[in-house]
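Enquirer: Have a look at the structure that comes next, please.
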Amino acid sequence: MHNFEYLEPASLEEAFDLLARYGQDAKIMSGGTALILALRQRLIEAKAIISLQRIRSLKIIRWHGSNLHIGAASRHRDVAHDPNVKEHFPALAYAARHLANQQVRNQGTIGGNLCYGDPTTDPPACLLALDAEVILASRSGIRTLRLDDFFQDYFLTARRDDEIMTAIRLPQSSATHQLYRRHLRTLAEHRPVATLALAVCMNEKRMEAVRVAIGASVPVPLRLSRTEALLEGATLSTELAAEAARSASAEIDAVSDMRGDEMYRRRIVYSMVQSLLIEVLQ
Amino acid sequence: MSMSNVKCSVNGLPVQREVNAARLLSDFIREDLTLTGTKRGCETGVCGACSVLVDGEVVKSCLLLACQIDGSDVTTIEGLEIGGELHPLQAAFMEFGGLQCGFCTPGFIMAACSLLNDNESPSEHDIRHGLSGNICRCTGYMGIVKAIQMASEKIRAT
């Protein structure tokens with residue numbers, strides 16, 4: 001690994017100073033699981049690493065009115081164990097509890113995960129279905145972006161070089177069902193082949209406020225607007241579950257790589273959507 | 001080279017060193033502290049052979065900079081035995097054949113340690129799920145799972 005300076009600001013103010021001083025030569029590090037690997041594999045370079053680990057305010061999970069703010073430097077472990085996350089956002093608690101492996105959950109953070117923009121991980125699809133927004137802070141102020149707008153392309157986000165993600169904001173959910181599923185080819189695999197999140201308000205069998213999000217099998221995690229429109233206001237049945245599965249598998253821009261070709265990814269997404277909707281029906 | 005001061009505790013003993021900021025924790029442990037029980041396997045965060053505890057929680061030391069552990073308590077495989085007695089996990093791995101070549105074993109034992117800190121009576125599913133960050137390429141996992149189950153029973157009984 002090439003040499004760099006390691007900096008640990010104790011506050012956001014100090015971090016902004018360092019970002020201003022180093023500009024594009026600096027990389028921000030949260031947990032570091034992905035960043036250190038990328039540095040070692042020479043995928044990225046940095047003259048300075050600015051670690052967020054001493055900034056306590058970035059690790060707080062608490063309600064601000066009717067929104068739960070998850071500090072961006074909260075580790076996956078902290079998210080998985082947080083009583084508010086477990087009670088109000090069980091899909092996220094599930095995703096955080098199953099992400100990668102024990103070691104990564106103990107070190108990696110939710111904000112680091114989002115800022116890295118890797119589509120093959122668990123938080124993106126899950127947070128998309130929960131209507132998450134991200135808060136980005138810089139010297140020039142604070143921006144709040146919908147997560148859909150934050151993810152711009154493969155490993156590309158809307159975060160500017162002078163910005164630090166401070167929190168993920170989750171509006172209180174009215175969904176009666178909040179579910180997250182990840183498909184692995186083997187138990188030892190750390191990266192899912194496909195992820196699926198569903199949030200829905202079931203009024204008897206009528207589906208309202210439907211959110212369907214897919215990750216891992218797509219270059220950019222996204223909500224499936226056509227499939228959502230198909231389900232919105234409709235009465236859930238086994239036939240509708242199959243129709244939605246067909247819609248979802250056709251709607252995604254499925255990736256094709258050594259972990260699965262396009263047809264395989266579409267089939268996995270089809271069966272995940274179908275079985276999750278049948279689970280809701282039961 | 002940009003140096004960083006690291007002050008931490010390793011296996012209960014205070015350590016203070018100047019390290020290159022780009023030094024990995026795994027290299028710091030093996031080369032600077034000569035604690036070679038911690039292994040380097042894939043060095044890409046996949047195999048788990050380099051697992052150590054930081055503040056009681058398992059991490060992969062090839063994915064962490066040495067300077068990130070400033071102020072923390074680190075435990076390596078060498079720090080598990082107490083007064084010359086093997087840790088119940090170490091004893092159980094020997095008794096129930098939880099190893100063959102032994103290269104992955106320190107990582108498995110550290111991961112198991114962290115797992116038992118979180119869950120004192122894990123089911124077989126919990127153990128397999130909890131150890132999914134560690135890979136053994138010789139023996140398969142039957143002996144490892146059995147060893148952890150037996151060790152957890154022994155720890156609960158004492």
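Residues in the structure tokens are named by chain (A, B, ... in the order shown) and by number from 1 within that chain; ligands are numbered from 1 in the order shown.
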Quick one: residues within 10 Å of Glu189 (chain A), only C-alpha atoms, excluding same-chain residues fewer than 6 positions away - as an MDAnalysis selection string?
Expert: (chainID A and resid 100:101 183) or (chainID B and resid 46 132:133)
Enquirer: Could you write out, as a PyMOL selection string, all the residues of region 60-152 of chain B that DSSP marks as strand (DSSP E)?
Expert: chain B and resi 60+73-75
Enquirer: How would the residues just chosen look if you wrote them out with all heavy atoms as a CSV table (one decimal), in the first residue's frame?
Expert:
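What ended up in again-v2.csv:
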```csv
chain,number,residue,atom,x,y,z
B,60,LYS,N,-11.2,-8.2,10.9
B,60,LYS,CA,-10.1,-8.8,10.1
B,60,LYS,C,-9.0,-7.8,10.1
B,60,LYS,O,-9.1,-6.7,9.6
B,60,LYS,CB,-10.6,-9.0,8.7
B,60,LYS,CG,-11.8,-10.1,8.7
B,60,LYS,CD,-12.2,-10.5,7.3
B,60,LYS,CE,-13.3,-11.5,7.5
B,60,LYS,NZ,-13.8,-12.1,6.3
B,73,ASP,N,-8.3,-2.0,23.0
B,73,ASP,CA,-7.8,-3.3,23.5
B,73,ASP,C,-7.8,-4.3,22.4
B,73,ASP,O,-8.9,-4.6,21.9
B,73,ASP,CB,-8.7,-3.8,24.7
B,73,ASP,CG,-8.6,-2.9,25.9
B,73,ASP,OD1,-7.5,-2.4,26.1
B,73,ASP,OD2,-9.6,-2.8,26.6
B,74,VAL,N,-6.7,-4.8,22.1
B,74,VAL,CA,-6.6,-5.9,21.1
B,74,VAL,C,-6.3,-7.2,21.7
B,74,VAL,O,-5.5,-7.3,22.6
B,74,VAL,CB,-5.5,-5.5,20.0
B,74,VAL,CG1,-5.3,-6.6,19.0
B,74,VAL,CG2,-5.7,-4.2,19.4
B,75,THR,N,-7.0,-8.3,21.3
B,75,THR,CA,-6.7,-9.6,21.7
B,75,THR,C,-6.4,-10.5,20.5
B,75,THR,O,-7.2,-10.5,19.6
B,75,THR,CB,-7.9,-10.2,22.5
B,75,THR,OG1,-8.3,-9.3,23.5
B,75,THR,CG2,-7.5,-11.5,23.2
```
Enquirer: Applying 9 Å and only C-alpha atoms, which residues near Cys104 (chain B) remain after dropping the ones on its own chain fewer than 6 positions away? List them as a list in words.
Expert: Lys39, Gly41, Cys47, Gly48, Ala49, Cys50, Asn134, Ile135, Cys136 and Arg137 of chain B
Enquirer: Excluding same-chain residues fewer than 4 positions from Arg30 (chain B), what lies within 12 Å of it counting only C-alpha atoms, as a list of chain:residue names?
Expert: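 Listed by chain and then number, they are B:Arg23, B:Leu24, B:Leu25, B:Ser26, B:Thr34, B:Leu35, B:Thr36, B:Gly37, B:Thr38, B:Lys39, B:Arg40, B:Cys50, B:Val52, B:Ser61, B:Cys62, B:Ala66, B:Thr76, B:Ile77, B:Glu78.
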Enquirer: Select from chain B everything DSSP, run on the backbone, classes as helix (DSSP H, G or I), then give the selection as a ChimeraX atom specification.
Expert: /B:25-32,61-63,66-69,77-79,88-95,105-118,124-130,142-157
Enquirer: Which residues come within 9 Å of Cys138 (chain B), counting only C-alpha atoms, excluding same-chain residues fewer than 2 positions away, as a CSV table (one decimal) with N, CA and C atoms, in the first residue's frame?
Expert:
```csv
chain,number,residue,atom,x,y,z
B,99,LEU,N,-9.6,-28.8,13.5
B,99,LEU,CA,-8.5,-28.3,12.7
B,99,LEU,C,-7.8,-29.5,12.0
B,100,GLN,N,-7.1,-29.1,10.9
B,100,GLN,CA,-6.2,-30.1,10.2
B,100,GLN,C,-4.8,-29.4,10.1
B,101,CYS,N,-4.7,-28.5,9.1
B,101,CYS,CA,-3.3,-27.9,9.0
B,101,CYS,C,-3.2,-26.8,10.1
B,102,GLY,N,-4.2,-26.2,10.5
B,102,GLY,CA,-4.2,-25.3,11.6
B,102,GLY,C,-4.0,-23.8,11.2
B,136,CYS,N,-12.1,-22.4,6.0
B,136,CYS,CA,-11.2,-23.5,6.2
B,136,CYS,C,-11.1,-24.3,4.9
B,140,GLY,N,-13.2,-29.1,6.4
B,140,GLY,CA,-14.6,-28.9,6.4
B,140,GLY,C,-15.0,-28.3,7.8
```
Enquirer: Which residues of chain A are close to chain B, meaning at most 7 Å apart when you count only C-alpha atoms, and how do they look as a PyMOL selection string?
Expert: chain A and resi 1-6+32-33+36-37+101-104+106-107+187-188
Enquirer: Can you spit out the residues from that selection as a short mmCIF file (atom, residue, chain, number, x, y, z; two decimals), in the first residue's frame, using N, CA, C and O atoms?
Expert:
```
data_model
loop_
_atom_site.label_atom_id
_atom_site.label_comp_id
_atom_site.auth_asym_id
_atom_site.auth_seq_id
_atom_site.Cartn_x
_atom_site.Cartn_y
_atom_site.Cartn_z
N MET A 1 0.86 -1.19 0.00
CA MET A 1 0.00 0.00 0.00
C MET A 1 0.89 1.24 0.00
O MET A 1 1.89 1.29 0.72
N HIS A 2 0.54 2.23 -0.80
CA HIS A 2 1.37 3.43 -0.85
C HIS A 2 1.21 4.25 0.44
O HIS A 2 0.27 4.06 1.20
N ASN A 3 2.15 5.16 0.67
CA ASN A 3 2.11 5.94 1.91
C ASN A 3 1.10 7.08 1.83
O ASN A 3 0.84 7.62 0.76
N PHE A 4 0.57 7.40 2.97
CA PHE A 4 -0.35 8.53 3.07
C PHE A 4 -0.30 9.06 4.49
O PHE A 4 0.25 8.42 5.38
N GLU A 5 -0.88 10.21 4.67
CA GLU A 5 -1.02 10.76 6.01
C GLU A 5 -2.33 10.27 6.59
O GLU A 5 -3.34 10.19 5.87
N TYR A 6 -2.35 9.95 7.86
CA TYR A 6 -3.57 9.49 8.51
C TYR A 6 -4.03 10.56 9.49
O TYR A 6 -3.29 10.93 10.40
N GLY A 32 -13.66 1.67 7.06
CA GLY A 32 -12.43 1.40 6.31
C GLY A 32 -12.39 0.05 5.61
O GLY A 32 -11.45 -0.23 4.86
N THR A 33 -13.40 -0.82 5.82
CA THR A 33 -13.32 -2.17 5.23
C THR A 33 -13.17 -2.11 3.71
O THR A 33 -12.36 -2.85 3.15
N ILE A 36 -9.78 0.47 2.60
CA ILE A 36 -8.43 -0.08 2.74
C ILE A 36 -8.15 -1.11 1.65
O ILE A 36 -7.07 -1.14 1.07
N LEU A 37 -9.16 -1.91 1.36
CA LEU A 37 -8.99 -2.90 0.30
C LEU A 37 -8.74 -2.20 -1.05
O LEU A 37 -7.86 -2.60 -1.81
N ASN A 101 -20.28 -10.40 6.96
CA ASN A 101 -19.95 -11.34 8.03
C ASN A 101 -19.69 -10.55 9.30
O ASN A 101 -19.61 -9.32 9.27
N GLN A 102 -19.57 -11.29 10.41
CA GLN A 102 -19.36 -10.67 11.74
C GLN A 102 -18.28 -9.59 11.71
O GLN A 102 -18.45 -8.50 12.23
N GLN A 103 -17.14 -9.94 11.10
CA GLN A 103 -15.99 -9.04 11.12
C GLN A 103 -16.30 -7.72 10.42
O GLN A 103 -15.94 -6.65 10.92
N VAL A 104 -16.96 -7.80 9.29
CA VAL A 104 -17.29 -6.58 8.54
C VAL A 104 -18.37 -5.78 9.28
O VAL A 104 -18.31 -4.55 9.35
N ASN A 106 -18.74 -5.55 12.39
CA ASN A 106 -18.12 -4.92 13.56
C ASN A 106 -17.26 -3.71 13.18
O ASN A 106 -16.78 -3.00 14.06
N GLN A 107 -17.00 -3.51 11.92
CA GLN A 107 -16.10 -2.44 11.50
C GLN A 107 -16.74 -1.49 10.49
O GLN A 107 -16.61 -0.28 10.58
N LEU A 187 -23.79 -20.22 1.66
CA LEU A 187 -23.80 -19.51 2.95
C LEU A 187 -22.52 -18.70 3.14
O LEU A 187 -22.51 -17.67 3.81
N ALA A 188 -21.43 -19.18 2.54
CA ALA A 188 -20.14 -18.52 2.76
C ALA A 188 -19.97 -17.28 1.90
O ALA A 188 -19.02 -16.53 2.07
#
```
Enquirer: Name the residues in contact with Leu196 (chain A) at a cut-off of 8 Å, using only C-alpha atoms, excluding same-chain residues fewer than 3 positions from it; report them as a ChimeraX atom specification.
Expert: /A:125-126,180-182,212-215,269,272-273
Enquirer: What does the file look like for those residues with N, CA, C and O atoms, as a short mmCIF file (atom, residue, chain, number, x, y, z; two decimals), in the first residue's frame?
Expert:
```cif
data_model
loop_
_atom_site.label_atom_id
_atom_site.label_comp_id
_atom_site.auth_asym_id
_atom_site.auth_seq_id
_atom_site.Cartn_x
_atom_site.Cartn_y
_atom_site.Cartn_z
N ALA A 125 -30.76 -1.24 -1.26
CA ALA A 125 -32.14 -1.57 -1.63
C ALA A 125 -33.06 -1.43 -0.42
O ALA A 125 -34.17 -0.90 -0.52
N CYS A 126 -32.56 -1.89 0.72
CA CYS A 126 -33.37 -1.84 1.93
C CYS A 126 -33.76 -0.39 2.26
O CYS A 126 -34.93 -0.09 2.52
N TYR A 180 -37.13 -7.64 3.86
CA TYR A 180 -35.89 -7.58 3.10
C TYR A 180 -35.39 -9.00 2.88
O TYR A 180 -35.40 -9.81 3.81
N ARG A 181 -34.99 -9.29 1.66
CA ARG A 181 -34.45 -10.62 1.36
C ARG A 181 -33.17 -10.48 0.54
O ARG A 181 -33.05 -9.56 -0.26
N ARG A 182 -32.26 -11.40 0.76
CA ARG A 182 -30.99 -11.40 0.02
C ARG A 182 -30.77 -12.81 -0.48
O ARG A 182 -30.98 -13.78 0.26
N VAL A 212 -40.95 -1.15 -3.84
CA VAL A 212 -40.19 -2.36 -4.19
C VAL A 212 -38.81 -1.89 -4.66
O VAL A 212 -38.72 -1.07 -5.59
N ALA A 213 -37.77 -2.36 -4.01
CA ALA A 213 -36.42 -1.95 -4.41
C ALA A 213 -35.53 -3.17 -4.61
O ALA A 213 -35.67 -4.18 -3.91
N ILE A 214 -34.64 -3.04 -5.57
CA ILE A 214 -33.74 -4.14 -5.94
C ILE A 214 -32.29 -3.64 -5.88
O ILE A 214 -32.00 -2.52 -6.29
N GLY A 215 -31.43 -4.50 -5.37
CA GLY A 215 -30.01 -4.20 -5.41
C GLY A 215 -29.24 -5.44 -5.84
O GLY A 215 -29.83 -6.50 -6.09
N VAL A 269 -34.45 -12.75 -9.41
CA VAL A 269 -35.31 -11.63 -9.01
C VAL A 269 -36.78 -12.04 -9.14
O VAL A 269 -37.60 -11.77 -8.26
N MET A 272 -37.62 -14.29 -6.21
CA MET A 272 -37.61 -13.56 -4.93
C MET A 272 -38.87 -12.71 -4.78
O MET A 272 -39.48 -12.68 -3.72
N VAL A 273 -39.24 -12.01 -5.85
CA VAL A 273 -40.43 -11.14 -5.78
C VAL A 273 -41.67 -12.00 -5.57
O VAL A 273 -42.51 -11.71 -4.71
#
```
Enquirer: Excluding same-chain residues fewer than 3 positions from Glu163 (chain A), what lies within 10 Å of it counting only C-alpha atoms, as a ChimeraX atom specification?
Expert: /A:15-16,19,28,135-143,158-160,166
Enquirer: Return the single residue from A:Ile164, A:Met263, A:Leu276, A:Leu156 that is closest to Thr195 (chain A), with distances computed using only C-alpha atoms.
Expert: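 Checking each candidate against Thr195 (chain A), we get A:Leu276 as the closest.
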